[in-house]
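Please read the structure below before turning to the comments.
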Amino acid sequence: TVMSRLFVSCSDDPKSSVHRAWGVSLLFLVLYFIVSIIEMLNLEQHGGSRALVIATIWTGLLHLMLAILGTFILKRFPTSFALGFFIGVILVVANQNLILFGIFHGYVFGNLQTHHIFSSLCFTLSIILLFFTALLVHFRQDLVVAPIDVSSQTIMTTTSAKRQQQQQQQLPTTQEQQKYDKQVDESGLSDGSNYVRA
């Protein structure tokens, strides 16, 4: 298939390839957050649209949350549902960046150079996220980890607790047996001494 040919160089170690690609995406996500703050300040100083100010800071926070969410899912919780949810969020954010690119690229109020930098970063990050999504979809089976079976874990915990209770119950029985054996030995010695005296 086309996807197999495209990612043939990543097939030897797909998990590491996905993690490295996400590492590159993280750099751009953090950079986007910083540039979005600069763009927001630029709009505030030059009397830009209030809606664009809100959109800029909101998308910056959204990209920061995406960085945290993606790292948690890939490192700690790569289940089938979590990966599917993650892929959906990435696609939404990538489409949103394309829309922001179209809006800010032709916006005339404020510093035009800052608008072009922000819009170019939106377009670049959109391409990066779409590429990462394709990579993640192609190698998702190599990343999926089955969720923990809570019921079986509960059964194992209950069984181990019962074994501990049985061991604790057997411990006094063993001590009583030792006392009984000691009493028998003492009684045997006393009977033998009486026999010798007789």
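In the structure tokens, the first chain shown is A, the next is B, and so on; residue numbers restart at 1 for each chain, and ligands run from 1 in the order shown.
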Shell around range 112-119 of chain A at 12 Å using only C-alpha atoms, local window under 5 positions removed, as a PyMOL selection string
chain A and resi 28+31-43+46+48+52+56+59-60+96-107+124-126
Between CA of Ile57 in chain A and CA of Ala134 in chain A, what is the spacing in Å?
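That distance, rounded to one decimal, is 27.5 Å.
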Using CA of Ser11 in chain A and CA of Arg76 in chain A as the two end points, give the distance in Å to one decimal.
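That distance, rounded to one decimal, is 22.2 Å.
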Any idea what's packed within 12 Å of Ile68 in chain A, counting only C-alpha atoms, ignoring anything in its chain fewer than 5 positions away? Could you give it as a PDB file with all heavy atoms, in the first residue's frame?
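This is the output file part01.pdb:
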ATOM      1  N   TRP A  22       6.590  12.231  17.510  1.00  0.00           N
ATOM      2  CA  TRP A  22       5.843  13.030  18.490  1.00  0.00           C
ATOM      3  C   TRP A  22       6.775  14.017  19.200  1.00  0.00           C
ATOM      4  O   TRP A  22       6.346  15.115  19.569  1.00  0.00           O
ATOM      5  CB  TRP A  22       5.160  12.122  19.501  1.00  0.00           C
ATOM      6  CG  TRP A  22       4.401  12.872  20.551  1.00  0.00           C
ATOM      7  CD1 TRP A  22       4.634  12.884  21.889  1.00  0.00           C
ATOM      8  CD2 TRP A  22       3.280  13.738  20.331  1.00  0.00           C
ATOM      9  NE1 TRP A  22       3.728  13.693  22.522  1.00  0.00           N
ATOM     10  CE2 TRP A  22       2.886  14.236  21.593  1.00  0.00           C
ATOM     11  CE3 TRP A  22       2.572  14.141  19.206  1.00  0.00           C
ATOM     12  CZ2 TRP A  22       1.810  15.112  21.748  1.00  0.00           C
ATOM     13  CZ3 TRP A  22       1.511  15.011  19.349  1.00  0.00           C
ATOM     14  CH2 TRP A  22       1.139  15.489  20.614  1.00  0.00           C
ATOM     15  N   GLY A  23       8.014  13.649  19.397  1.00  0.00           N
ATOM     16  CA  GLY A  23       8.970  14.576  19.991  1.00  0.00           C
ATOM     17  C   GLY A  23       9.168  15.813  19.126  1.00  0.00           C
ATOM     18  O   GLY A  23       9.230  16.948  19.631  1.00  0.00           O
ATOM     19  N   SER A  25       6.938  16.925  16.991  1.00  0.00           N
ATOM     20  CA  SER A  25       5.667  17.647  17.074  1.00  0.00           C
ATOM     21  C   SER A  25       5.575  18.454  18.358  1.00  0.00           C
ATOM     22  O   SER A  25       5.022  19.568  18.362  1.00  0.00           O
ATOM     23  CB  SER A  25       4.498  16.656  16.992  1.00  0.00           C
ATOM     24  OG  SER A  25       4.543  15.899  15.796  1.00  0.00           O
ATOM     25  N   LEU A  26       6.120  17.929  19.442  1.00  0.00           N
ATOM     26  CA  LEU A  26       6.096  18.653  20.713  1.00  0.00           C
ATOM     27  C   LEU A  26       6.841  19.976  20.621  1.00  0.00           C
ATOM     28  O   LEU A  26       6.401  20.989  21.187  1.00  0.00           O
ATOM     29  CB  LEU A  26       6.696  17.788  21.827  1.00  0.00           C
ATOM     30  CG  LEU A  26       5.802  16.712  22.441  1.00  0.00           C
ATOM     31  CD1 LEU A  26       6.592  15.900  23.466  1.00  0.00           C
ATOM     32  CD2 LEU A  26       4.582  17.333  23.088  1.00  0.00           C
ATOM     33  N   LEU A  29       4.599  22.365  18.934  1.00  0.00           N
ATOM     34  CA  LEU A  29       3.450  22.714  19.774  1.00  0.00           C
ATOM     35  C   LEU A  29       3.825  23.760  20.818  1.00  0.00           C
ATOM     36  O   LEU A  29       3.071  24.713  21.059  1.00  0.00           O
ATOM     37  CB  LEU A  29       2.905  21.457  20.455  1.00  0.00           C
ATOM     38  CG  LEU A  29       2.180  20.449  19.551  1.00  0.00           C
ATOM     39  CD1 LEU A  29       1.862  19.173  20.332  1.00  0.00           C
ATOM     40  CD2 LEU A  29       0.913  21.045  18.973  1.00  0.00           C
ATOM     41  N   VAL A  30       4.980  23.569  21.446  1.00  0.00           N
ATOM     42  CA  VAL A  30       5.444  24.557  22.421  1.00  0.00           C
ATOM     43  C   VAL A  30       5.768  25.880  21.732  1.00  0.00           C
ATOM     44  O   VAL A  30       5.452  26.971  22.246  1.00  0.00           O
ATOM     45  CB  VAL A  30       6.675  24.015  23.180  1.00  0.00           C
ATOM     46  CG1 VAL A  30       7.243  25.081  24.112  1.00  0.00           C
ATOM     47  CG2 VAL A  30       6.299  22.768  23.977  1.00  0.00           C
ATOM     48  N   LEU A  61      -3.506  27.699  24.105  1.00  0.00           N
ATOM     49  CA  LEU A  61      -3.747  26.801  25.247  1.00  0.00           C
ATOM     50  C   LEU A  61      -4.153  25.408  24.776  1.00  0.00           C
ATOM     51  O   LEU A  61      -3.772  24.398  25.390  1.00  0.00           O
ATOM     52  CB  LEU A  61      -4.848  27.398  26.143  1.00  0.00           C
ATOM     53  CG  LEU A  61      -4.481  28.696  26.875  1.00  0.00           C
ATOM     54  CD1 LEU A  61      -5.706  29.248  27.602  1.00  0.00           C
ATOM     55  CD2 LEU A  61      -3.341  28.470  27.849  1.00  0.00           C
ATOM     56  N   LEU A  62      -4.908  25.350  23.696  1.00  0.00           N
ATOM     57  CA  LEU A  62      -5.334  24.057  23.165  1.00  0.00           C
ATOM     58  C   LEU A  62      -4.141  23.228  22.695  1.00  0.00           C
ATOM     59  O   LEU A  62      -4.082  22.012  22.937  1.00  0.00           O
ATOM     60  CB  LEU A  62      -6.314  24.274  22.013  1.00  0.00           C
ATOM     61  CG  LEU A  62      -6.973  23.026  21.433  1.00  0.00           C
ATOM     62  CD1 LEU A  62      -7.834  22.340  22.483  1.00  0.00           C
ATOM     63  CD2 LEU A  62      -7.813  23.385  20.217  1.00  0.00           C
ATOM     64  N   HIS A  63      -3.190  23.867  22.062  1.00  0.00           N
ATOM     65  CA  HIS A  63      -1.990  23.146  21.622  1.00  0.00           C
ATOM     66  C   HIS A  63      -1.146  22.690  22.812  1.00  0.00           C
ATOM     67  O   HIS A  63      -0.540  21.616  22.768  1.00  0.00           O
ATOM     68  CB  HIS A  63      -1.158  24.036  20.699  1.00  0.00           C
ATOM     69  CG  HIS A  63      -1.702  24.133  19.312  1.00  0.00           C
ATOM     70  ND1 HIS A  63      -2.829  24.857  19.004  1.00  0.00           N
ATOM     71  CD2 HIS A  63      -1.273  23.584  18.141  1.00  0.00           C
ATOM     72  CE1 HIS A  63      -3.065  24.767  17.705  1.00  0.00           C
ATOM     73  NE2 HIS A  63      -2.143  23.997  17.163  1.00  0.00           N
ATOM     74  N   ILE A  73      -0.843   9.804  26.726  1.00  0.00           N
ATOM     75  CA  ILE A  73      -1.423   8.643  26.039  1.00  0.00           C
ATOM     76  C   ILE A  73      -0.331   7.755  25.460  1.00  0.00           C
ATOM     77  O   ILE A  73      -0.367   6.526  25.613  1.00  0.00           O
ATOM     78  CB  ILE A  73      -2.391   9.106  24.940  1.00  0.00           C
ATOM     79  CG1 ILE A  73      -3.652   9.717  25.569  1.00  0.00           C
ATOM     80  CG2 ILE A  73      -2.774   7.946  24.028  1.00  0.00           C
ATOM     81  CD1 ILE A  73      -4.635  10.269  24.565  1.00  0.00           C
ATOM     82  N   LEU A  74       0.651   8.341  24.808  1.00  0.00           N
ATOM     83  CA  LEU A  74       1.690   7.541  24.166  1.00  0.00           C
ATOM     84  C   LEU A  74       2.609   6.863  25.174  1.00  0.00           C
ATOM     85  O   LEU A  74       3.085   5.746  24.933  1.00  0.00           O
ATOM     86  CB  LEU A  74       2.515   8.415  23.223  1.00  0.00           C
ATOM     87  CG  LEU A  74       1.795   8.922  21.972  1.00  0.00           C
ATOM     88  CD1 LEU A  74       2.710   9.829  21.171  1.00  0.00           C
ATOM     89  CD2 LEU A  74       1.308   7.770  21.109  1.00  0.00           C
ATOM     90  N   LYS A  75       2.858   7.506  26.301  1.00  0.00           N
ATOM     91  CA  LYS A  75       3.803   6.961  27.276  1.00  0.00           C
ATOM     92  C   LYS A  75       3.136   6.074  28.322  1.00  0.00           C
ATOM     93  O   LYS A  75       3.721   5.077  28.763  1.00  0.00           O
ATOM     94  CB  LYS A  75       4.524   8.113  27.990  1.00  0.00           C
ATOM     95  CG  LYS A  75       5.393   8.976  27.093  1.00  0.00           C
ATOM     96  CD  LYS A  75       6.608   8.213  26.594  1.00  0.00           C
ATOM     97  CE  LYS A  75       7.526   9.139  25.807  1.00  0.00           C
ATOM     98  NZ  LYS A  75       8.736   8.418  25.318  1.00  0.00           N
ATOM     99  N   ARG A  76       1.905   6.413  28.730  1.00  0.00           N
ATOM    100  CA  ARG A  76       1.293   5.741  29.877  1.00  0.00           C
ATOM    101  C   ARG A  76       0.037   4.944  29.554  1.00  0.00           C
ATOM    102  O   ARG A  76      -0.255   3.965  30.227  1.00  0.00           O
ATOM    103  CB  ARG A  76       0.937   6.781  30.947  1.00  0.00           C
ATOM    104  CG  ARG A  76       2.131   7.557  31.497  1.00  0.00           C
ATOM    105  CD  ARG A  76       3.051   6.663  32.282  1.00  0.00           C
ATOM    106  NE  ARG A  76       4.164   7.403  32.855  1.00  0.00           N
ATOM    107  CZ  ARG A  76       5.138   6.836  33.556  1.00  0.00           C
ATOM    108  NH1 ARG A  76       5.135   5.538  33.776  1.00  0.00           N
ATOM    109  NH2 ARG A  76       6.121   7.582  34.037  1.00  0.00           N
ATOM    110  N   PHE A  86      -7.151  10.256  20.587  1.00  0.00           N
ATOM    111  CA  PHE A  86      -6.007  11.119  20.320  1.00  0.00           C
ATOM    112  C   PHE A  86      -5.924  11.473  18.837  1.00  0.00           C
ATOM    113  O   PHE A  86      -5.680  12.630  18.464  1.00  0.00           O
ATOM    114  CB  PHE A  86      -4.736  10.419  20.794  1.00  0.00           C
ATOM    115  CG  PHE A  86      -3.482  11.216  20.620  1.00  0.00           C
ATOM    116  CD1 PHE A  86      -3.453  12.580  20.904  1.00  0.00           C
ATOM    117  CD2 PHE A  86      -2.312  10.621  20.175  1.00  0.00           C
ATOM    118  CE1 PHE A  86      -2.293  13.326  20.751  1.00  0.00           C
ATOM    119  CE2 PHE A  86      -1.151  11.346  20.023  1.00  0.00           C
ATOM    120  CZ  PHE A  86      -1.144  12.702  20.306  1.00  0.00           C
TER     121      PHE A  86
END
State, in Å with one decimal place, the distance from CA of Val137 in chain A to CA of Ala67 in chain A.
18.0 Å
Nearest to Trp58 in chain A by atom-to-atom distance, counting only C-alpha atoms, from A:Cys10, A:Gln45, A:Leu121, A:Val93
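Going through A:Cys10, A:Gln45, A:Leu121, A:Val93 one by one, the smallest distance to Trp58 in chain A is for A:Val93.
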